[in-house]
$ cat data.cif   # mmCIF, C-alpha atoms and all ligand atoms
data_work
loop_
_atom_site.label_atom_id
_atom_site.label_comp_id
_atom_site.auth_asym_id
_atom_site.auth_seq_id
_atom_site.Cartn_x
_atom_site.Cartn_y
_atom_site.Cartn_z
CA MET A 427 28.67 124.26 30.46
CA SER A 428 25.37 125.40 31.84
CA VAL A 429 22.08 124.94 30.03
CA GLU A 430 21.83 128.70 29.94
CA ASP A 431 25.19 129.09 28.15
CA ARG A 432 24.34 126.34 25.67
CA ASP A 433 20.98 127.95 24.97
CA LEU A 434 22.54 131.38 24.59
CA LEU A 435 25.12 130.09 22.14
CA ALA A 436 22.50 128.21 20.12
CA ARG A 437 20.34 131.31 19.84
CA ALA A 438 23.30 133.49 18.84
CA THR A 439 24.31 130.91 16.22
CA ALA A 440 20.75 130.93 14.88
CA GLY A 441 21.09 134.66 14.32
CA GLU A 442 19.12 136.00 17.26
CA ALA A 443 20.40 139.53 17.83
CA GLY A 444 19.51 139.64 21.52
CA ALA A 445 21.50 136.50 22.29
CA LEU A 446 24.52 137.81 20.44
CA GLU A 447 24.22 141.09 22.31
CA THR A 448 24.26 139.21 25.63
CA LEU A 449 27.37 137.27 24.57
CA MET A 450 29.06 140.53 23.59
CA THR A 451 28.16 142.20 26.87
CA ARG A 452 29.52 139.25 28.83
CA TYR A 453 32.65 138.45 26.88
CA SER A 454 33.85 141.21 24.54
CA ALA A 455 35.82 143.11 27.20
CA ARG A 456 37.54 139.91 28.39
CA VAL A 457 38.28 138.82 24.83
CA TYR A 458 39.77 142.22 24.05
CA ARG A 459 41.92 142.22 27.18
CA LEU A 460 43.38 138.81 26.41
CA ALA A 461 43.84 139.66 22.72
CA TYR A 462 45.60 142.90 23.63
CA GLY A 463 47.68 141.09 26.25
CA ILE A 464 48.98 138.66 23.64
CA THR A 465 49.26 140.95 20.59
CA ARG A 466 50.13 144.13 22.55
CA ASN A 467 48.54 146.18 19.79
CA ALA A 468 45.06 147.74 19.85
CA ALA A 469 44.40 147.39 16.10
CA ASP A 470 45.43 143.72 16.12
CA ALA A 471 43.36 143.10 19.25
CA GLU A 472 40.30 144.64 17.59
CA GLU A 473 40.67 142.32 14.60
CA VAL A 474 41.02 139.37 16.97
CA VAL A 475 37.80 140.33 18.78
CA GLN A 476 35.89 140.54 15.50
CA ASP A 477 37.29 137.22 14.33
CA VAL A 478 36.51 135.53 17.65
CA PHE A 479 32.88 136.67 17.65
CA LEU A 480 32.52 135.64 14.04
CA GLN A 481 33.74 132.16 15.00
CA ILE A 482 31.34 132.08 17.94
CA VAL A 483 28.43 132.86 15.63
CA ASN A 484 29.56 130.53 12.85
CA LYS A 485 30.89 127.61 14.86
CA GLY A 486 28.82 127.90 18.02
CA GLY A 487 26.77 124.91 16.91
CA GLY A 488 29.91 122.80 16.87
CA PHE A 489 30.79 123.64 20.45
CA GLU A 490 31.24 120.39 22.33
CA GLY A 491 29.94 121.68 25.61
CA ARG A 492 32.43 119.78 27.77
CA ALA A 493 34.19 122.89 29.02
CA ALA A 494 32.76 126.16 30.25
CA LEU A 495 31.72 128.55 27.51
CA SER A 496 34.22 131.10 28.83
CA SER A 497 37.08 128.57 28.46
CA TRP A 498 36.04 127.82 24.89
CA ILE A 499 35.96 131.54 24.06
CA TYR A 500 39.33 132.12 25.74
CA ARG A 501 40.80 129.24 23.76
CA ILE A 502 39.61 130.65 20.43
CA THR A 503 40.92 134.07 21.47
CA THR A 504 44.34 132.66 22.39
CA ASN A 505 44.64 130.77 19.10
CA VAL A 506 43.56 133.69 16.93
CA SER A 507 45.87 136.08 18.82
CA LEU A 508 48.88 133.79 18.54
CA ASN A 509 48.20 133.35 14.81
CA LYS A 510 48.10 137.10 14.36
CA ARG A 511 51.44 137.44 16.10
CA ARG A 512 53.09 134.76 14.01
CA GLY A 513 56.31 136.08 12.54
CA LYS A 514 55.90 139.56 14.01
CA HIS A 515 58.30 141.42 16.28
CA ARG A 516 60.39 138.34 17.00
CA GLU A 517 63.43 140.53 17.38
CA LEU A 518 61.93 142.18 20.47
CA GLU A 519 61.89 138.95 22.41
CA THR A 520 64.97 138.70 24.54
CA SER A 521 66.14 135.41 25.88
CA LEU A 522 64.44 134.94 29.23
CA ASP A 523 67.38 133.00 30.61
CA GLU A 524 69.40 136.17 30.92
CA LEU A 525 66.67 137.61 33.20
CA LEU A 526 66.33 134.68 35.59
CA PRO A 527 68.19 134.43 38.90
CA THR A 528 71.57 132.71 38.87
CA TYR A 529 72.95 130.73 41.76
CA LEU A 530 76.22 129.77 43.39
CA PRO A 531 77.00 126.07 43.82
CA ASP A 532 75.73 126.21 47.42
CA GLY A 533 72.28 127.44 46.31
CA HIS A 534 72.71 131.12 47.25
CA ARG A 535 71.96 133.67 44.57
CA ALA A 536 74.92 135.01 42.62
CA GLY A 537 75.45 138.75 42.36
CA GLU A 538 76.30 141.81 44.42
CA ARG A 539 74.62 141.98 47.79
CA ALA A 540 73.30 145.52 47.24
CA PHE A 541 71.44 144.27 44.17
CA LEU A 542 70.27 141.07 45.85
CA VAL A 543 68.60 142.95 48.72
CA ALA A 544 67.28 145.84 46.58
CA ASP A 545 63.63 146.22 47.51
CA TRP A 546 61.54 148.79 45.64
CA SER A 547 58.22 147.23 46.71
CA GLY A 548 57.57 150.03 49.22
CA THR A 549 57.12 152.53 46.40
CA PRO A 550 53.41 153.40 46.03
CA GLU A 551 51.74 151.40 43.28
CA SER A 552 50.37 154.55 41.65
CA GLU A 553 53.94 155.79 41.31
CA LEU A 554 55.18 152.46 39.94
CA LEU A 555 52.35 152.49 37.40
CA SER A 556 53.25 155.89 36.00
CA GLY A 557 56.22 157.61 34.39
CA GLU A 558 59.52 155.82 33.89
CA SER A 559 58.69 152.65 35.82
CA ARG A 560 55.47 152.19 33.83
CA ARG A 561 57.45 152.50 30.62
CA ILE A 562 59.96 149.93 31.87
CA LEU A 563 57.14 147.55 32.80
CA GLU A 564 55.32 147.90 29.47
CA ALA A 565 58.56 147.42 27.52
CA ALA A 566 59.38 144.37 29.62
CA ILE A 567 55.92 142.88 28.95
CA ASP A 568 56.41 143.60 25.21
CA ARG A 569 59.61 141.59 25.23
CA LEU A 570 58.08 138.47 26.75
CA PRO A 571 57.31 135.63 24.33
CA GLU A 572 53.59 135.70 23.51
CA HIS A 573 52.91 132.30 25.07
CA TYR A 574 54.13 133.73 28.34
CA ARG A 575 51.96 136.80 28.00
CA ALA A 576 48.89 134.63 27.38
CA VAL A 577 49.48 132.78 30.64
CA LEU A 578 50.25 136.01 32.49
CA VAL A 579 46.96 137.64 31.48
CA LEU A 580 44.84 134.54 32.15
CA LYS A 581 46.42 134.03 35.56
CA ASP A 582 47.16 137.49 36.89
CA VAL A 583 44.37 139.53 35.30
CA ASP A 584 41.54 137.03 34.83
CA GLU A 585 42.67 135.12 37.92
CA LEU A 586 41.95 131.68 36.47
CA SER A 587 43.40 128.55 38.06
CA SER A 588 46.44 126.84 36.52
CA ASP A 589 44.14 123.96 35.52
CA GLU A 590 41.82 126.29 33.60
CA VAL A 591 44.74 128.08 31.94
CA ALA A 592 46.31 124.75 30.94
CA GLU A 593 43.09 123.73 29.23
CA ILE A 594 42.82 127.07 27.41
CA VAL A 595 46.38 127.19 26.10
CA GLY A 596 46.51 123.44 25.46
CA ASP A 597 49.51 122.73 27.66
CA SER A 598 50.25 120.87 30.86
CA VAL A 599 49.62 122.46 34.26
CA ALA A 600 53.34 122.15 35.00
CA ALA A 601 54.22 124.04 31.80
CA VAL A 602 51.73 126.79 32.65
CA LYS A 603 53.16 127.20 36.15
CA THR A 604 56.72 127.31 34.86
CA ARG A 605 55.87 129.91 32.23
CA LEU A 606 54.03 132.09 34.74
CA HIS A 607 56.89 131.98 37.23
CA ARG A 608 59.54 132.68 34.59
CA ALA A 609 57.50 135.58 33.18
CA ARG A 610 57.11 137.19 36.60
CA MET A 611 60.80 136.67 37.40
CA ALA A 612 61.86 138.21 34.09
CA LEU A 613 59.66 141.27 34.68
CA ARG A 614 60.83 141.57 38.29
CA GLU A 615 64.44 141.46 37.15
CA GLN A 616 64.00 144.24 34.61
CA LEU A 617 62.18 146.44 37.11
CA THR A 618 64.83 145.81 39.74
CA ARG A 619 67.68 146.62 37.34
CA ARG A 620 66.08 150.01 36.68
CA LEU A 621 64.50 150.80 40.05
CA GLY A 622 66.62 148.85 42.50
CA ALA A 623 69.44 151.35 42.79
CA GLY A 624 67.10 154.19 43.71
CA ALA A 625 65.12 152.19 46.27
CA MET B 1348 65.98 124.98 52.06
CA THR B 1349 68.41 126.92 49.85
CA CYS B 1350 67.69 130.26 48.15
CA ARG B 1351 67.37 128.43 44.84
CA GLU B 1352 64.76 126.09 46.30
CA ALA B 1353 62.94 129.00 47.93
CA ILE B 1354 62.70 131.03 44.71
CA ASP B 1355 61.65 127.97 42.71
CA VAL B 1356 58.44 127.67 44.74
CA LEU B 1357 57.53 131.36 45.10
CA ALA B 1358 54.73 131.26 42.52
CA ASP B 1359 52.70 128.71 44.47
CA TYR B 1360 53.37 130.62 47.69
CA VAL B 1361 52.27 133.98 46.31
CA ASP B 1362 49.24 132.43 44.58
CA GLY B 1363 48.22 130.67 47.79
CA THR B 1364 48.35 127.19 46.26
CA MET B 1365 51.20 125.83 48.38
CA PRO B 1366 50.80 123.04 50.96
CA ALA B 1367 51.00 124.37 54.52
CA ASP B 1368 54.09 122.36 55.50
CA LEU B 1369 56.07 123.64 52.52
CA ALA B 1370 54.87 127.19 53.20
CA ALA B 1371 56.11 126.89 56.80
CA GLU B 1372 59.49 125.67 55.57
CA LEU B 1373 59.71 128.57 53.10
CA GLU B 1374 58.78 131.06 55.82
CA ARG B 1375 61.56 129.70 58.05
CA HIS B 1376 64.02 130.33 55.21
CA LEU B 1377 62.62 133.82 54.55
CA ALA B 1378 62.93 134.77 58.23
CA GLY B 1379 66.71 134.36 58.02
CA CYS B 1380 67.38 135.49 54.45
CA ASP B 1381 67.36 139.18 53.41
CA PRO B 1382 67.87 138.56 49.67
CA CYS B 1383 64.95 136.12 49.49
CA ARG B 1384 62.71 138.49 51.45
CA ALA B 1385 63.57 141.27 48.98
CA TYR B 1386 62.99 138.87 46.10
CA LEU B 1387 59.58 137.84 47.42
CA ALA B 1388 58.51 141.44 48.08
CA THR B 1389 59.48 142.63 44.59
CA TYR B 1390 58.07 139.47 42.96
CA ARG B 1391 54.74 140.04 44.68
CA THR B 1392 54.69 143.70 43.68
CA THR B 1393 55.57 142.76 40.09
CA ARG B 1394 52.54 140.48 40.03
CA ALA B 1395 50.30 143.30 41.30
CA LEU B 1396 51.72 145.72 38.72
CA VAL B 1397 51.09 143.25 35.88
CA SER B 1398 47.50 142.75 37.06
CA ALA B 1399 46.92 146.49 37.00
CA ALA B 1400 48.84 147.29 33.81
CA ALA B 1401 47.35 144.45 31.75
CA ALA B 1402 43.75 145.17 32.77
CA VAL B 1403 43.12 147.23 29.64
CA GLU B 1404 39.59 148.37 28.78
CA MET B 1405 38.06 147.81 25.39
CA PRO B 1406 37.33 151.28 23.97
CA ASP B 1407 33.63 152.07 23.53
CA GLU B 1408 34.04 152.93 19.86
CA MET B 1409 35.48 149.45 19.33
CA LYS B 1410 32.39 147.90 20.90
CA THR B 1411 30.27 149.97 18.53
CA ARG B 1412 32.32 148.79 15.56
CA LEU B 1413 32.06 145.17 16.73
CA ARG B 1414 28.25 145.43 16.89
CA ARG B 1415 28.12 146.95 13.43
CA PHE B 1416 30.51 144.31 12.06
CA LEU B 1417 28.47 141.43 13.46
CA ALA B 1418 25.15 142.89 12.37
CA ALA B 1419 26.53 143.17 8.82
CA GLN B 1420 27.75 139.54 8.99
CA GLN B 1421 24.40 138.27 10.19
CA ARG B 1422 22.54 139.97 7.38
CA ARG B 1423 24.66 138.18 4.74
ZN ZN C 1501 67.38 132.82 50.58
#

$ encode --input "data.cif" --output "structure tokens"
Amino acid sequence: MSVEDRDLLARATAGEAGALETLMTRYSARVYRLAYGITRNAADAEEVVQDVFLQIVNKGGGFEGRAALSSWIYRITTNVSLNKRRGKHRELETSLDELLPTYLPDGHRAGERAFLVADWSGTPESELLSGESRRILEAAIDRLPEHYRAVLVLKDVDELSSDEVAEIVGDSVAAVKTRLHRARMALREQLTRRLGAGA
Amino acid sequence: MTCREAIDVLADYVDGTMPADLAAELERHLAGCDPCRAYLATYRTTRALVSAAAAVEMPDEMKTRLRRFLAAQQRR
């Protein structure tokens, strides 16, 4: 971590309002986005943000300084968000296996050809992000296990590397890559089941 | 390369973290395989949709409440 980050954190921990304000300006939007991405609920995400900043202020002095400050903040956010989700909405989570491609013994995909070649990617993004397809997408994201959503947000919204994400979520790089790929495939499958026929 | 092997490595391909020789092998498979081309196109679009849909903004009133919350904590 940079000297500047360390200094900023120390001043915020010591109760300097200006330093805390700078930390909030830099990180609150990112913390909220990740918290919302994992909890999928604005009220829960707000509580996570408050908790995370409280931990920054209270525990900032104990920050080891080996990783970037942003990674440390993301890690706290992930942990607090996952704790908040514990035991909630489990019934929404479908088994991902049912949404992953299946194959014939020779390595070709199984399924009807019309479905296998369905390509809705030419539809304008603005159209895909509104109306029925947006609802399908949001519902599909809701149904992902939260560990998958954490990786999805860190990779595809914050555009961190797999190494950085692995450090934040406390898992191996291979596990992060697998989760990301499976999450995208599961979402793709649900979109294709609903949009494919009309494309 | 089979379709199964092609789809297994799509994440690295789409994210641009795939070695060039493997990317060339994948592209040879894609050139002759309609289902995998459709899979790649929709996979890539799914990724773009997730990026856009999950990029939620923190509401301004929440930022105000966070400031107030922290100021109250610091005074204690
Ligand atoms: Zn193929």

$ interface_residues --input "data.cif" --of "chain B" --to "chain A" --cutoff "6 Å" --atoms "all atoms listed in the file" --output "number ranges by chain"
B: 1349-1351, 1358, 1382, 1385, 1388-1390, 1392-1393, 1398, 1403, 1405

$ closest_residue --input "data.cif" --among "B:Met1365, B:Leu1373, B:Ala1378, B:Cys1383" --to "ligand ZN 1501 (chain C)" --atoms "only C-alpha atoms and all ligand atoms"
B:Cys1383

$ atom_distance --input "data.cif" --atom1 "CA of Arg561 in chain A" --atom2 "CA of Gln616 in chain A"
11.3 Å

$ closest_residue --input "data.cif" --among "A:Gln481, A:Asp470, A:Lys510, A:Arg501" --to "Asp597 in chain A" --atoms "all atoms listed in the file"
A:Arg501

$ atom_distance --input "data.cif" --atom1 "CA of Glu590 in chain A" --atom2 "CA of Ser497 in chain A"
7.4 Å

$ closest_residue --input "data.cif" --among "B:Ala1371, B:Ala1418, B:Leu1357, B:Met1348" --to "ligand ZN 1501 (chain C)" --atoms "only C-alpha atoms and all ligand atoms"
B:Met1348
